[in-house]
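Engineer: My file is run-v3.cif. It has mmCIF, C-alpha atoms:
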```
data_protein
loop_
_atom_site.label_atom_id
_atom_site.label_comp_id
_atom_site.auth_asym_id
_atom_site.auth_seq_id
_atom_site.Cartn_x
_atom_site.Cartn_y
_atom_site.Cartn_z
CA MET A 131 151.21 151.47 50.68
CA ARG A 132 151.69 149.87 47.26
CA GLN A 133 149.33 148.97 44.46
CA ASN A 134 147.74 146.01 46.22
CA SER A 135 147.83 147.47 49.69
CA ILE A 136 144.09 148.17 49.68
CA VAL A 137 143.80 145.02 51.83
CA PRO A 138 145.72 146.44 54.82
CA VAL A 139 143.81 149.67 54.32
CA ILE A 140 140.56 147.77 54.79
CA ALA A 141 142.02 145.97 57.78
CA TYR A 142 142.66 149.38 59.33
CA LEU A 143 139.11 150.39 58.47
CA VAL A 144 137.64 147.39 60.26
CA LEU A 145 139.92 147.82 63.27
CA GLY A 146 139.21 151.55 63.46
CA ALA A 147 142.84 152.60 63.42
CA GLY A 148 144.39 155.04 60.97
CA PHE A 149 143.91 155.75 57.26
CA VAL A 150 140.16 156.11 57.52
CA GLY A 151 138.37 159.29 56.48
CA ILE A 152 134.97 159.87 57.99
CA MET A 153 133.15 162.48 55.94
CA GLU A 154 130.93 165.24 57.09
CA SER A 155 130.07 167.54 54.23
CA GLY A 156 130.57 171.27 54.71
CA ALA A 157 128.00 173.94 54.03
CA ALA A 158 129.79 177.27 53.60
CA ASP A 159 133.02 178.84 52.47
CA VAL A 160 135.40 180.73 54.77
CA PHE A 161 133.74 183.49 56.80
CA LEU A 162 134.40 185.49 59.97
CA GLU A 163 133.88 183.39 63.07
CA ALA A 164 133.54 183.81 66.80
CA THR A 165 136.65 181.72 67.39
CA ARG A 166 139.04 184.26 65.87
CA PRO A 167 142.11 184.85 68.08
CA ASP A 168 140.80 188.10 69.57
CA PHE A 169 137.34 186.74 70.37
CA GLN A 170 136.35 186.93 74.03
CA LYS A 171 133.72 184.53 75.34
CA ILE A 172 130.49 186.15 76.48
CA PRO A 173 129.95 185.79 80.25
CA VAL A 174 126.49 184.36 80.94
CA GLY A 175 124.84 183.58 84.26
CA VAL A 176 122.20 180.87 84.68
CA LEU A 177 119.93 181.70 87.59
CA GLU A 178 118.19 178.99 89.60
CA PHE A 179 115.21 177.76 87.60
CA GLN A 180 111.82 177.74 89.31
CA SER A 181 109.74 174.57 89.61
CA VAL A 182 105.93 174.77 89.56
CA MET A 183 104.54 171.30 90.29
CA ALA A 184 107.22 169.83 88.02
CA PRO A 185 108.85 166.41 88.58
CA ALA A 186 111.55 166.28 91.23
CA ASN A 187 114.81 167.89 90.13
CA ALA A 188 113.47 168.67 86.64
CA ALA A 189 114.31 172.37 86.95
CA GLU A 190 117.80 171.60 88.25
CA ARG A 191 118.42 169.05 85.49
CA VAL A 192 117.41 171.34 82.66
CA ALA A 193 119.60 174.14 84.06
CA GLU A 194 122.60 171.82 84.29
CA VAL A 195 122.15 170.61 80.71
CA LEU A 196 121.85 174.23 79.58
CA LYS A 197 125.06 175.21 81.37
CA ALA A 198 126.94 172.31 79.78
CA ASP A 199 125.66 173.28 76.33
CA LEU A 200 126.73 176.90 76.79
CA ARG A 201 130.21 175.88 77.92
CA ARG A 202 130.63 173.51 74.96
CA SER A 203 129.50 176.19 72.51
CA GLN A 204 132.83 178.05 72.87
CA ILE A 205 130.75 181.24 72.60
CA PHE A 206 129.91 181.64 76.27
CA SER A 207 131.58 181.33 79.63
CA VAL A 208 129.22 180.39 82.47
CA ALA A 209 129.61 182.61 85.53
CA ASP A 210 129.38 181.11 89.02
CA LEU A 211 126.44 183.13 90.31
CA VAL A 212 126.52 181.45 93.72
CA LYS A 213 130.06 182.67 94.26
CA LEU A 214 129.02 186.13 93.08
CA GLY A 215 126.03 186.14 95.43
CA ILE A 216 123.53 186.63 92.60
CA LYS A 217 120.24 184.78 93.09
CA VAL A 218 116.49 185.18 92.71
CA ASP A 219 113.69 184.70 95.19
CA GLU A 220 112.42 181.12 95.13
CA LYS A 221 108.82 182.36 94.80
CA LEU A 222 109.53 184.86 92.04
CA GLU A 223 106.82 184.75 89.35
CA LEU A 224 108.42 187.10 86.86
CA LEU A 225 111.91 188.49 86.40
CA ASP A 226 111.54 192.10 85.29
CA GLY A 227 112.58 195.67 86.04
CA ALA A 228 111.60 195.24 89.68
CA GLN A 229 114.81 193.26 90.12
CA LEU A 230 117.09 196.01 88.79
CA PRO A 231 119.53 195.64 91.71
CA LEU A 232 120.06 192.04 90.64
CA PHE A 233 120.91 193.13 87.10
CA LYS A 234 123.19 195.88 88.37
CA GLN A 235 125.00 193.30 90.47
CA ALA A 236 125.38 191.12 87.39
CA ALA A 237 126.69 194.02 85.30
CA ASP A 238 129.14 195.03 88.03
CA ASN A 239 130.56 191.50 87.89
CA GLY A 240 130.87 191.50 84.10
CA VAL A 241 127.93 189.15 83.44
CA ALA A 242 126.58 190.09 80.01
CA ALA A 243 123.36 188.07 80.14
CA LEU A 244 121.20 186.30 82.69
CA VAL A 245 119.19 183.17 81.90
CA TRP A 246 116.18 182.23 83.98
CA GLY A 247 113.39 179.73 83.56
CA LYS A 248 110.40 177.98 85.06
CA MET A 249 109.50 174.30 84.82
CA ALA A 250 105.88 173.19 85.10
CA THR A 251 103.60 170.37 84.02
CA ARG A 252 100.59 170.49 81.75
CA ASP A 253 98.62 167.29 81.37
CA ALA A 254 101.33 164.67 80.83
CA ASN A 255 103.86 167.12 79.40
CA LEU A 256 106.65 169.26 80.77
CA VAL A 257 106.58 172.99 80.10
CA LEU A 258 109.76 175.07 80.12
CA ASP A 259 109.53 178.84 79.97
CA GLY A 260 113.01 180.14 79.20
CA TYR A 261 114.09 183.78 79.40
CA VAL A 262 117.33 185.55 78.54
CA TYR A 263 117.95 189.10 79.77
CA ASP A 264 120.63 191.66 79.08
CA GLY A 265 122.78 191.66 82.19
CA GLY A 266 123.06 195.43 82.34
CA THR A 267 119.72 196.82 81.13
CA ALA A 268 117.35 193.98 82.13
CA GLU A 269 116.00 194.00 78.56
CA LEU A 270 114.30 190.72 77.65
CA LEU A 271 116.28 189.28 74.74
CA ILE A 272 114.69 185.85 74.45
CA GLY A 273 111.41 184.49 75.76
CA LYS A 274 110.47 180.97 74.67
CA ARG A 275 108.08 178.25 75.79
CA TYR A 276 108.90 174.61 75.14
CA VAL A 277 106.36 171.82 75.65
CA GLY A 278 107.13 168.12 75.44
CA ALA A 279 107.04 164.71 77.05
CA PRO A 280 109.23 164.19 80.13
CA SER A 281 111.69 162.30 77.92
CA THR A 282 112.38 165.53 76.00
CA LEU A 283 113.73 167.47 78.98
CA ARG A 284 117.28 167.49 77.60
CA VAL A 285 115.99 168.53 74.17
CA MET A 286 114.27 171.55 75.73
CA ALA A 287 117.54 172.64 77.32
CA HIS A 288 119.36 172.10 74.01
CA ARG A 289 116.79 174.26 72.20
CA LEU A 290 117.24 177.13 74.65
CA ALA A 291 121.03 176.87 74.34
CA ASP A 292 120.76 177.03 70.56
CA GLU A 293 118.54 180.11 70.88
CA LEU A 294 121.32 181.87 72.79
CA VAL A 295 123.95 180.94 70.23
CA SER A 296 121.74 182.14 67.39
CA ARG A 297 120.89 185.38 69.21
CA TYR A 298 124.53 186.29 69.82
CA THR A 299 126.21 184.95 66.68
CA GLY A 300 123.55 184.74 63.98
CA GLU A 301 124.55 181.09 63.45
CA PRO A 302 122.68 177.88 64.30
CA GLY A 303 123.73 176.24 67.54
CA ILE A 304 124.95 172.65 67.71
CA ALA A 305 123.21 171.43 70.87
CA ARG A 306 120.53 169.56 68.90
CA THR A 307 122.91 167.97 66.42
CA LYS A 308 123.58 164.24 66.30
CA ILE A 309 126.61 162.00 65.87
CA ALA A 310 126.46 158.80 63.84
CA TYR A 311 129.04 156.10 64.51
CA ALA A 312 129.74 152.37 64.32
CA SER A 313 129.59 150.29 67.49
CA ASP A 314 129.76 146.73 68.78
CA GLN A 315 127.72 147.67 71.84
CA ARG A 316 124.97 145.18 70.95
CA GLY A 317 127.07 142.67 69.06
CA GLY A 318 128.43 142.77 65.52
CA ARG A 319 129.29 146.20 64.17
CA GLU A 320 126.22 148.33 63.60
CA VAL A 321 125.49 152.00 62.93
CA PHE A 322 124.22 154.04 65.88
CA VAL A 323 123.15 157.67 66.35
CA MET A 324 123.52 159.65 69.60
CA ASP A 325 123.00 163.22 70.75
CA TYR A 326 126.02 165.48 70.30
CA ASP A 327 126.85 165.18 74.01
CA GLY A 328 126.77 161.37 73.99
CA TYR A 329 123.26 160.91 75.40
CA ALA A 330 120.37 158.88 73.93
CA PRO A 331 122.26 156.42 71.70
CA ARG A 332 120.00 154.40 69.41
CA GLN A 333 120.75 151.60 66.99
CA VAL A 334 120.10 152.27 63.29
CA THR A 335 121.18 149.05 61.56
CA ALA A 336 120.65 145.50 62.82
CA ASP A 337 121.55 143.05 60.08
CA GLY A 338 124.63 141.30 61.46
CA PHE A 339 126.95 142.73 58.82
CA LEU A 340 129.89 145.03 59.46
CA ASN A 341 128.38 148.48 58.93
CA LEU A 342 130.95 151.27 59.06
CA THR A 343 131.79 154.88 58.15
CA PRO A 344 128.32 156.47 58.30
CA GLU A 345 127.85 159.85 56.61
CA TRP A 346 124.91 162.21 57.02
CA SER A 347 122.64 163.54 54.29
CA ARG A 348 122.24 167.31 54.28
CA ASP A 349 118.63 167.08 55.51
CA ARG A 350 119.64 164.74 58.38
CA ARG A 351 116.96 162.27 57.29
CA SER A 352 119.28 159.51 56.14
CA LEU A 353 122.77 158.05 56.39
CA VAL A 354 125.07 156.48 53.83
CA PHE A 355 127.58 153.89 55.02
CA THR A 356 129.72 150.94 53.99
CA ALA A 357 128.18 147.49 54.50
CA TYR A 358 130.58 144.53 54.63
CA ARG A 359 128.37 141.71 53.38
CA ASN A 360 131.29 139.30 52.92
CA ARG A 361 135.08 139.34 52.77
CA ARG A 362 135.19 140.09 49.05
CA ASN A 363 132.46 142.63 48.44
CA GLN A 364 131.28 145.73 50.24
CA THR A 365 128.41 147.97 49.24
CA ILE A 366 127.56 151.56 50.02
CA ASP A 367 124.01 151.70 51.35
CA LEU A 368 121.57 154.43 52.33
CA ILE A 369 119.14 154.11 55.23
CA GLU A 370 116.24 156.43 56.07
CA LEU A 371 116.28 157.16 59.79
CA ALA A 372 112.53 157.64 60.21
CA THR A 373 111.45 154.45 58.43
CA GLY A 374 114.51 152.19 58.46
CA LYS A 375 114.09 151.75 54.71
CA ARG A 376 117.42 150.77 53.17
CA ARG A 377 118.76 150.61 49.64
CA THR A 378 122.12 150.04 47.98
CA LEU A 379 123.71 152.95 46.11
CA VAL A 380 127.01 151.35 45.05
CA ALA A 381 127.65 147.65 44.48
CA LEU A 382 130.66 147.57 42.17
CA ALA A 383 132.91 144.51 42.16
CA GLY A 384 135.37 144.49 45.04
CA LEU A 385 135.55 147.05 47.82
CA ASN A 386 133.35 150.15 47.95
CA ILE A 387 134.35 152.32 50.89
CA THR A 388 134.67 155.79 52.51
CA PRO A 389 131.50 157.47 51.15
CA SER A 390 131.18 161.27 51.20
CA LEU A 391 128.13 163.27 50.10
CA SER A 392 128.56 166.60 48.33
CA PRO A 393 127.24 169.71 50.11
CA ASP A 394 124.18 169.80 47.84
CA GLY A 395 123.56 166.09 48.41
CA ARG A 396 123.61 165.20 44.72
CA TYR A 397 127.00 163.52 44.36
CA LEU A 398 128.49 160.66 46.33
CA ALA A 399 132.29 160.42 46.30
CA PHE A 400 133.78 157.08 47.31
CA ALA A 401 136.68 154.71 46.76
CA THR A 402 136.37 151.39 44.95
CA SER A 403 138.77 148.58 44.07
CA GLN A 404 136.89 147.45 40.98
CA ASP A 405 139.88 148.55 38.87
CA GLY A 406 142.34 146.44 40.88
CA ASN A 407 143.58 149.13 43.23
CA SER A 408 141.62 151.74 45.12
CA GLU A 409 140.41 154.63 42.95
CA ILE A 410 138.04 157.52 43.65
CA TYR A 411 134.72 157.81 41.82
CA THR A 412 131.65 160.00 42.09
CA LEU A 413 128.05 158.85 41.69
CA ASP A 414 125.35 161.24 40.52
CA THR A 415 122.51 160.11 42.80
CA ARG A 416 119.91 161.56 40.42
CA THR A 417 121.08 159.87 37.22
CA ASN A 418 123.21 157.01 38.67
CA GLU A 419 126.05 158.16 36.39
CA LEU A 420 129.52 157.15 37.58
CA GLN A 421 132.65 159.22 36.97
CA ARG A 422 136.16 158.02 37.71
CA LEU A 423 138.36 160.79 39.10
CA THR A 424 141.75 159.18 39.83
CA PHE A 425 143.96 157.04 37.58
CA GLN A 426 146.94 155.83 39.58
CA ALA A 427 148.79 152.59 40.22
CA ALA A 428 148.80 153.70 43.84
CA GLY A 429 145.83 153.64 46.21
CA ASP A 430 143.47 156.62 46.43
CA LEU A 431 140.67 156.74 49.01
CA SER A 432 138.88 158.75 51.72
CA PRO A 433 137.53 161.56 49.51
CA PHE A 434 135.93 164.50 51.30
CA TRP A 435 134.17 167.48 49.72
CA SER A 436 135.11 171.11 50.22
CA PRO A 437 132.34 173.32 51.64
CA SER A 438 131.76 174.82 48.19
CA GLY A 439 131.54 171.42 46.50
CA ARG A 440 134.13 172.50 43.94
CA GLU A 441 137.03 170.47 45.34
CA LEU A 442 137.83 167.18 47.03
CA VAL A 443 140.54 166.34 49.53
CA PHE A 444 141.68 162.72 49.66
CA THR A 445 144.39 160.28 50.73
CA SER A 446 146.88 158.75 48.29
CA ASP A 447 150.14 156.83 48.52
CA ARG A 448 151.22 157.82 45.00
CA GLY A 449 154.25 159.52 46.54
CA GLY A 450 155.36 156.38 48.39
CA GLY A 451 153.37 156.77 51.61
CA PRO A 452 149.91 158.02 52.59
CA GLN A 453 149.62 161.78 52.12
CA ILE A 454 146.80 164.30 51.68
CA TYR A 455 145.99 165.62 48.20
CA LEU A 456 143.52 168.09 46.72
CA MET A 457 141.76 168.01 43.35
CA ASN A 458 138.89 169.69 41.57
CA ALA A 459 135.53 167.93 41.70
CA ASP A 460 136.05 166.62 38.16
CA GLY A 461 139.44 165.08 39.04
CA SER A 462 141.59 167.82 37.51
CA ASN A 463 144.26 170.00 39.14
CA VAL A 464 145.60 167.37 41.55
CA ARG A 465 148.15 168.72 44.02
CA ARG A 466 149.76 167.42 47.17
CA LEU A 467 148.88 169.20 50.42
CA THR A 468 150.94 167.50 53.17
CA PHE A 469 154.72 167.16 53.08
CA GLU A 470 155.62 166.91 56.76
CA GLY A 471 155.68 163.39 58.19
CA ASP A 472 155.49 159.96 56.55
CA TYR A 473 151.82 159.26 57.33
CA ASN A 474 148.90 161.64 56.77
CA ALA A 475 145.43 160.27 56.04
CA ALA A 476 141.65 160.43 56.61
CA PRO A 477 141.06 164.12 55.77
CA ALA A 478 137.93 166.06 56.77
CA TRP A 479 137.32 169.62 55.55
CA SER A 480 135.90 172.11 58.06
CA PRO A 481 132.44 173.50 57.17
CA ARG A 482 134.04 176.94 57.47
CA GLY A 483 136.61 176.07 54.84
CA ASP A 484 139.57 177.26 56.88
CA TRP A 485 141.06 173.97 58.11
CA ILE A 486 141.37 170.35 57.06
CA ALA A 487 141.63 167.79 59.86
CA PHE A 488 143.45 164.49 59.29
CA VAL A 489 145.25 161.63 61.00
CA CYS A 490 148.99 162.21 61.27
CA ARG A 491 151.86 160.20 62.70
CA SER A 492 153.52 162.22 65.46
CA GLN A 493 157.25 162.48 66.04
CA GLU A 494 156.77 159.84 68.74
CA GLY A 495 155.26 157.47 66.16
CA GLN A 496 151.67 157.77 67.42
CA PHE A 497 148.57 158.33 65.29
CA LYS A 498 147.14 161.71 66.29
CA LEU A 499 144.89 164.43 64.87
CA CYS A 500 146.41 167.32 62.95
CA LEU A 501 145.01 170.37 61.19
CA ILE A 502 146.29 172.06 58.05
CA THR A 503 145.06 175.08 56.12
CA PRO A 504 143.93 174.38 52.52
CA ASP A 505 146.92 176.35 51.22
CA GLY A 506 149.29 174.22 53.31
CA GLN A 507 150.80 177.24 55.08
CA LYS A 508 149.79 176.30 58.64
CA ARG A 509 149.82 172.91 60.31
CA LEU A 510 149.34 171.90 63.93
CA GLN A 511 148.77 168.77 66.01
CA ILE A 512 145.75 168.98 68.33
CA THR A 513 145.76 165.62 70.18
CA THR A 514 148.48 164.14 72.36
CA GLY A 515 148.88 161.38 74.90
CA PRO A 516 148.13 157.66 74.65
CA GLY A 517 145.77 156.15 72.12
CA ILE A 518 145.42 155.66 68.38
CA ASP A 519 143.34 158.62 67.18
CA ASP A 520 141.31 158.26 64.00
CA SER A 521 138.33 159.40 61.92
CA PRO A 522 138.02 163.16 62.58
CA SER A 523 134.66 164.77 61.82
CA TRP A 524 133.81 168.46 62.21
CA SER A 525 130.90 170.03 64.06
CA PRO A 526 128.69 172.12 61.75
CA ASP A 527 129.98 175.32 63.38
CA GLY A 528 133.62 174.35 62.74
CA ARG A 529 134.59 174.87 66.39
CA HIS A 530 134.79 171.23 67.47
CA LEU A 531 135.65 167.78 66.20
CA VAL A 532 134.70 164.25 67.12
CA PHE A 533 137.06 161.35 66.59
CA SER A 534 137.71 157.82 67.78
CA SER A 535 140.63 156.86 69.99
CA MET A 536 141.80 153.36 70.84
CA VAL A 537 143.52 152.69 74.16
CA ASN A 538 144.29 149.21 75.49
CA GLY A 539 142.24 147.58 72.76
CA GLN A 540 139.09 149.64 73.39
CA SER A 541 137.96 152.41 71.06
CA HIS A 542 135.65 155.26 72.09
CA ILE A 543 134.29 158.47 70.58
CA PHE A 544 135.63 161.78 71.88
CA MET A 545 134.82 165.44 71.34
CA ILE A 546 137.53 168.09 71.33
CA ASN A 547 137.68 171.82 70.66
CA ARG A 548 139.40 172.87 67.47
CA ASP A 549 142.32 174.25 69.46
CA GLY A 550 142.88 170.88 71.15
CA THR A 551 141.33 171.80 74.51
CA GLU A 552 138.55 170.20 76.57
CA GLN A 553 138.65 166.64 75.26
CA GLU A 554 135.49 164.80 76.36
CA ARG A 555 134.58 161.12 76.03
CA LEU A 556 131.09 160.57 74.61
CA THR A 557 130.59 156.79 74.46
CA SER A 558 130.37 154.11 77.12
CA GLY A 559 129.76 150.38 77.13
CA GLY A 560 130.97 148.03 74.43
CA THR A 561 134.60 147.79 73.41
CA HIS A 562 134.69 149.38 69.98
CA HIS A 563 133.03 152.64 68.90
CA SER A 564 134.47 154.11 65.71
CA SER A 565 134.03 156.23 62.56
CA PRO A 566 131.98 159.12 63.99
CA SER A 567 130.19 161.57 61.71
CA TRP A 568 128.70 164.84 62.99
CA SER A 569 125.32 165.83 61.55
CA PRO A 570 124.52 169.18 59.95
CA ALA A 571 122.78 171.71 62.21
#
```
Turn this file's structure into structure tokens for me.

Structural biologist:
Amino acid sequence: MRQNSIVPVIAYLVLGAGFVGIMESGAADVFLEATRPDFQKIPVGVLEFQSVMAPANAAERVAEVLKADLRRSQIFSVADLVKLGIKVDEKLELLDGAQLPLFKQAADNGVAALVWGKMATRDANLVLDGYVYDGGTAELLIGKRYVGAPSTLRVMAHRLADELVSRYTGEPGIARTKIAYASDQRGGREVFVMDYDGYAPRQVTADGFLNLTPEWSRDRRSLVFTAYRNRRNQTIDLIELATGKRRTLVALAGLNITPSLSPDGRYLAFATSQDGNSEIYTLDTRTNELQRLTFQAAGDLSPFWSPSGRELVFTSDRGGGPQIYLMNADGSNVRRLTFEGDYNAAPAWSPRGDWIAFVCRSQEGQFKLCLITPDGQKRLQITTGPGIDDSPSWSPDGRHLVFSSMVNGQSHIFMINRDGTEQERLTSGGTHHSSPSWSPA
């Protein structure tokens, strides 16, 4: 990329392929995590949930959603209780010490915890009573009641799953998080939000413009994104999710792209071409003060904040091709991070601070996802196979990523574990879903 190559960069942005950084601000520095190499998943068994005058299959549905959440968490493994012969009486009213043989059977088979629940109706609402027991001692660890409309059945299961994650790790779960993304599912290119598992997509913008690269606020109440109002000028807008109220934050001459909010929500980093080529600026959202951070004849874009807010990672072709660089939040202490390969772009810093995800060109010439440590000492490629992979965004627990992948002209959103396992497609319908951004917990 040369001085005027911001145009092909924007073409890539619109097409959803390569050189696009989708930002999801971090919230903490490096700390000990449950995905360390010696971590063993906790075996959990989900007993058959009871149904008390609940809608048909409601108990089965909530149990299945719960199992899927626990598997995705990377904290738990879900034991096959049917195969182990562990079950409860269909008419059981309460699971307690009277069922000690059941708990002994669970303990003998290495099941650390048993989850049981009852679904009922009250007026027009569903009621879920969820219980988690120690698999060996039968001690009640969690007892929660969730009440909501029938449409919230999946949310109830997500809440119980998050309770388990919090109980065993001390960290918030991710089952109730959201993913924002751009989609042509209803014509044009609009911003949508869906549940973390791909369910319940809803449209956020509906103005007929190209609306791309959404980024979450820390309180999850709003999104910032790039709005392509015409071929010459793009703005960075903010929309409140509850009200739909929208306002423009950045409307400098030329292109204004790849927004990223600082962890405290005060500063917006972005790239703009108002100076002729793409440079990185920050906007103080309290004072509207602008600060230019980069001063290069080359193109700089896709800034992303470190979890501490003290640094930014970004893409630049100042070395002759797109590579990943680091700098302090005031633009000082710029240093190159990636040296392997001729194309590295679209960085996203893990909320845990330990890895930076980015788009790399593989040895086979394909655009894939790679990870690198902030000191540059470790690097690995986590996606393979067909498709143009782009726009990595981290889960708030740092154990998963979402990204877009284009195959045969169609782009969809996928989830993958940080180690490259268990890739799962989240979107359906439409032909182009791109630039995902994972919400805070």

Engineer: Take CA of Ala268 (chain A) and CA of Val241 (chain A) and report the distance between them in Å, one decimal.

Structural biologist: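 We find that CA of Ala268 (chain A) and CA of Val241 (chain A) lie 11.7 Å from each other.
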
Engineer: Using all atoms listed in the file, pick whichever of A:Leu510, A:Val334, A:Ile309, A:Cys490 has the shortest atom-to-atom distance to Leu531 (chain A).

Structural biologist: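 Among A:Leu510, A:Val334, A:Ile309, A:Cys490, it is A:Ile309 that comes nearest to Leu531 (chain A).
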
Engineer: Quick one: residues within 7 Å of (127.7, 159.8, 43.2) (file frame), counting only C-alpha atoms, please, as a list of chain:residue names.

Structural biologist: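 Residues close enough to count: A:Arg396, A:Tyr397, A:Leu398, A:Ala399, A:Thr412, A:Leu413, A:Asp414, A:Thr415, A:Asn418, A:Leu420.
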
Engineer: I'd like the residues picked by the PyMOL selection byres ((chain A and resi 242-256) around 7) written out as a PyMOL selection string, using the chain letters and numbers from the file.

Structural biologist: chain A and resi 172-184+189+237+240-241+257-266+277-280

Engineer: Starting from the PyMOL selection byres ((chain A and resi 359) around 12), expand the selection into actual residues of this file and give them as an MDAnalysis selection string.

Structural biologist: chainID A and resid 319 337:342 356:358 360:367 378 381 384:386

Engineer: Please write as a ChimeraX atom specification the full residue list that the PyMOL selection byres ((chain A and resi 370) around 10) yields on this file.

Structural biologist: /A:334,347,350-354,368-369,371-377

Engineer: Ranking A:Asp327, A:Thr424, A:Asp292, A:Gly559 by minimum distance to Ile546 (chain A) and counting only C-alpha atoms, which one comes first?

Structural biologist: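 The shortest atom-to-atom distance to Ile546 (chain A) comes from A:Asp327.
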
Engineer: Between CA of Pro522 (chain A) and CA of Trp346 (chain A), what distance in Å does the model show, to one decimal?

Structural biologist: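 Atom-to-atom, CA of Pro522 (chain A) to CA of Trp346 (chain A), that is 14.3 Å.
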
Engineer: For a quick check of understanding, using all atoms listed in the file, which of A:Arg306, A:His288, A:Lys234, A:Lys171 has the smallest distance to Ala209 (chain A)?

Structural biologist: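 Checking each of A:Arg306, A:His288, A:Lys234, A:Lys171 against Ala209 (chain A), counting all atoms listed in the file, the winner is A:Lys171.
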
Engineer: Can you tell me which residues surround Lys308 (chain A) at a distance of at most 7 Å, considering all atoms listed in the file, apart from same-chain residues fewer than 3 positions away, and format the answer as a list in words?

Structural biologist: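 Close residues of Lys308 (chain A): Val323, Met324, Asp325, Tyr326, Trp568 and Ser569 of chain A.
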
Engineer: Output C-alpha atoms for every residue in the selection just made, as a CSV table (one decimal), in the frame of the given file.

Structural biologist:
```csv
chain,number,residue,atom,x,y,z
A,323,VAL,CA,123.2,157.7,66.4
A,324,MET,CA,123.5,159.6,69.6
A,325,ASP,CA,123.0,163.2,70.8
A,326,TYR,CA,126.0,165.5,70.3
A,568,TRP,CA,128.7,164.8,63.0
A,569,SER,CA,125.3,165.8,61.6
```

Engineer: Between CA of Ser462 (chain A) and CA of Arg440 (chain A), what distance in Å does the model show, to one decimal?

Structural biologist: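 Result for CA of Ser462 (chain A) versus CA of Arg440 (chain A): 10.9 Å, one decimal.
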
Engineer: Counting all atoms listed in the file, which of A:Gln235, A:Arg491, A:Val195, A:Ile304 gets nearest to Leu211 (chain A)?

Structural biologist: A:Gln235

Engineer: Determine, counting all atoms listed in the file, which protein, DNA and RNA residues have an atom within 8 Å of an atom of Thr445 (chain A); residues of the same chain fewer than 2 positions away are not included. Present the result as a PyMOL selection string.

Structural biologist: chain A and resi 149+430-433+443+447+452-455+474-477

Engineer: Can you spit out the residues from that selection as an mmCIF file, in the frame of the given file, using C-alpha atoms?

Structural biologist:
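Final output, again.cif:
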```cif
data_model
loop_
_atom_site.group_PDB
_atom_site.id
_atom_site.type_symbol
_atom_site.label_atom_id
_atom_site.label_comp_id
_atom_site.auth_asym_id
_atom_site.auth_seq_id
_atom_site.Cartn_x
_atom_site.Cartn_y
_atom_site.Cartn_z
ATOM 1 C CA PHE A 149 143.910 155.750 57.260
ATOM 2 C CA ASP A 430 143.470 156.620 46.430
ATOM 3 C CA LEU A 431 140.670 156.740 49.010
ATOM 4 C CA SER A 432 138.880 158.750 51.720
ATOM 5 C CA PRO A 433 137.530 161.560 49.510
ATOM 6 C CA VAL A 443 140.540 166.340 49.530
ATOM 7 C CA ASP A 447 150.140 156.830 48.520
ATOM 8 C CA PRO A 452 149.910 158.020 52.590
ATOM 9 C CA GLN A 453 149.620 161.780 52.120
ATOM 10 C CA ILE A 454 146.800 164.300 51.680
ATOM 11 C CA TYR A 455 145.990 165.620 48.200
ATOM 12 C CA ASN A 474 148.900 161.640 56.770
ATOM 13 C CA ALA A 475 145.430 160.270 56.040
ATOM 14 C CA ALA A 476 141.650 160.430 56.610
ATOM 15 C CA PRO A 477 141.060 164.120 55.770
#
```

Engineer: Skipping near chain neighbours, those fewer than 6 positions away, what residues fall within 12 Å of Arg529 (chain A) using only C-alpha atoms, listed as an MDAnalysis selection string?

Structural biologist: chainID A and resid 163:166 202:205 303:304 480:485 487 523 545:552

Engineer: Taking into account all atoms listed in the file, which residue in the set A:Leu379, A:Arg509, A:Arg555, A:Gly450 is nearest to Arg416 (chain A)?

Structural biologist: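 That would be A:Leu379, the residue with the smallest distance to Arg416 (chain A).
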
Engineer: Would you kindly identify which residues have an atom no farther than 8 Å from (122.4, 149.4, 65.6), using all atoms listed in the file and the file's own coordinates, and write them out as a count of residues only?

Structural biologist: 11

Engineer: Hey, which of A:Gly471, A:Ile512, A:Val212, A:Tyr298 ends up closest to Gln493 (chain A)? Count all atoms listed in the file.

Structural biologist: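 Of A:Gly471, A:Ile512, A:Val212, A:Tyr298, the one nearest Gln493 (chain A) is A:Gly471, counting all atoms listed in the file.
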
Engineer: Mind filling out region 262-267 of chain A with N, CA and C atoms and sending it as a PDB file, keeping the file's coordinate frame?

Structural biologist:
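As a result, selection.pdb now contains:
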```
ATOM      1  N   VAL A 262     115.967 185.035  78.553  1.00  0.00           N
ATOM      2  CA  VAL A 262     117.330 185.550  78.540  1.00  0.00           C
ATOM      3  C   VAL A 262     117.261 187.072  78.584  1.00  0.00           C
ATOM      4  N   TYR A 263     117.983 187.661  79.547  1.00  0.00           N
ATOM      5  CA  TYR A 263     117.950 189.100  79.770  1.00  0.00           C
ATOM      6  C   TYR A 263     119.346 189.691  79.589  1.00  0.00           C
ATOM      7  N   ASP A 264     119.382 190.918  79.098  1.00  0.00           N
ATOM      8  CA  ASP A 264     120.630 191.660  79.080  1.00  0.00           C
ATOM      9  C   ASP A 264     121.068 191.911  80.520  1.00  0.00           C
ATOM     10  N   GLY A 265     122.316 191.572  80.819  1.00  0.00           N
ATOM     11  CA  GLY A 265     122.780 191.660  82.190  1.00  0.00           C
ATOM     12  C   GLY A 265     122.872 193.068  82.732  1.00  0.00           C
ATOM     13  N   GLY A 266     122.935 194.058  81.863  1.00  0.00           N
ATOM     14  CA  GLY A 266     123.060 195.430  82.340  1.00  0.00           C
ATOM     15  C   GLY A 266     121.759 196.191  82.338  1.00  0.00           C
ATOM     16  N   THR A 267     120.934 196.003  81.289  1.00  0.00           N
ATOM     17  CA  THR A 267     119.720 196.820  81.130  1.00  0.00           C
ATOM     18  C   THR A 267     118.456 196.105  81.554  1.00  0.00           C
TER      19      THR A 267
END
```
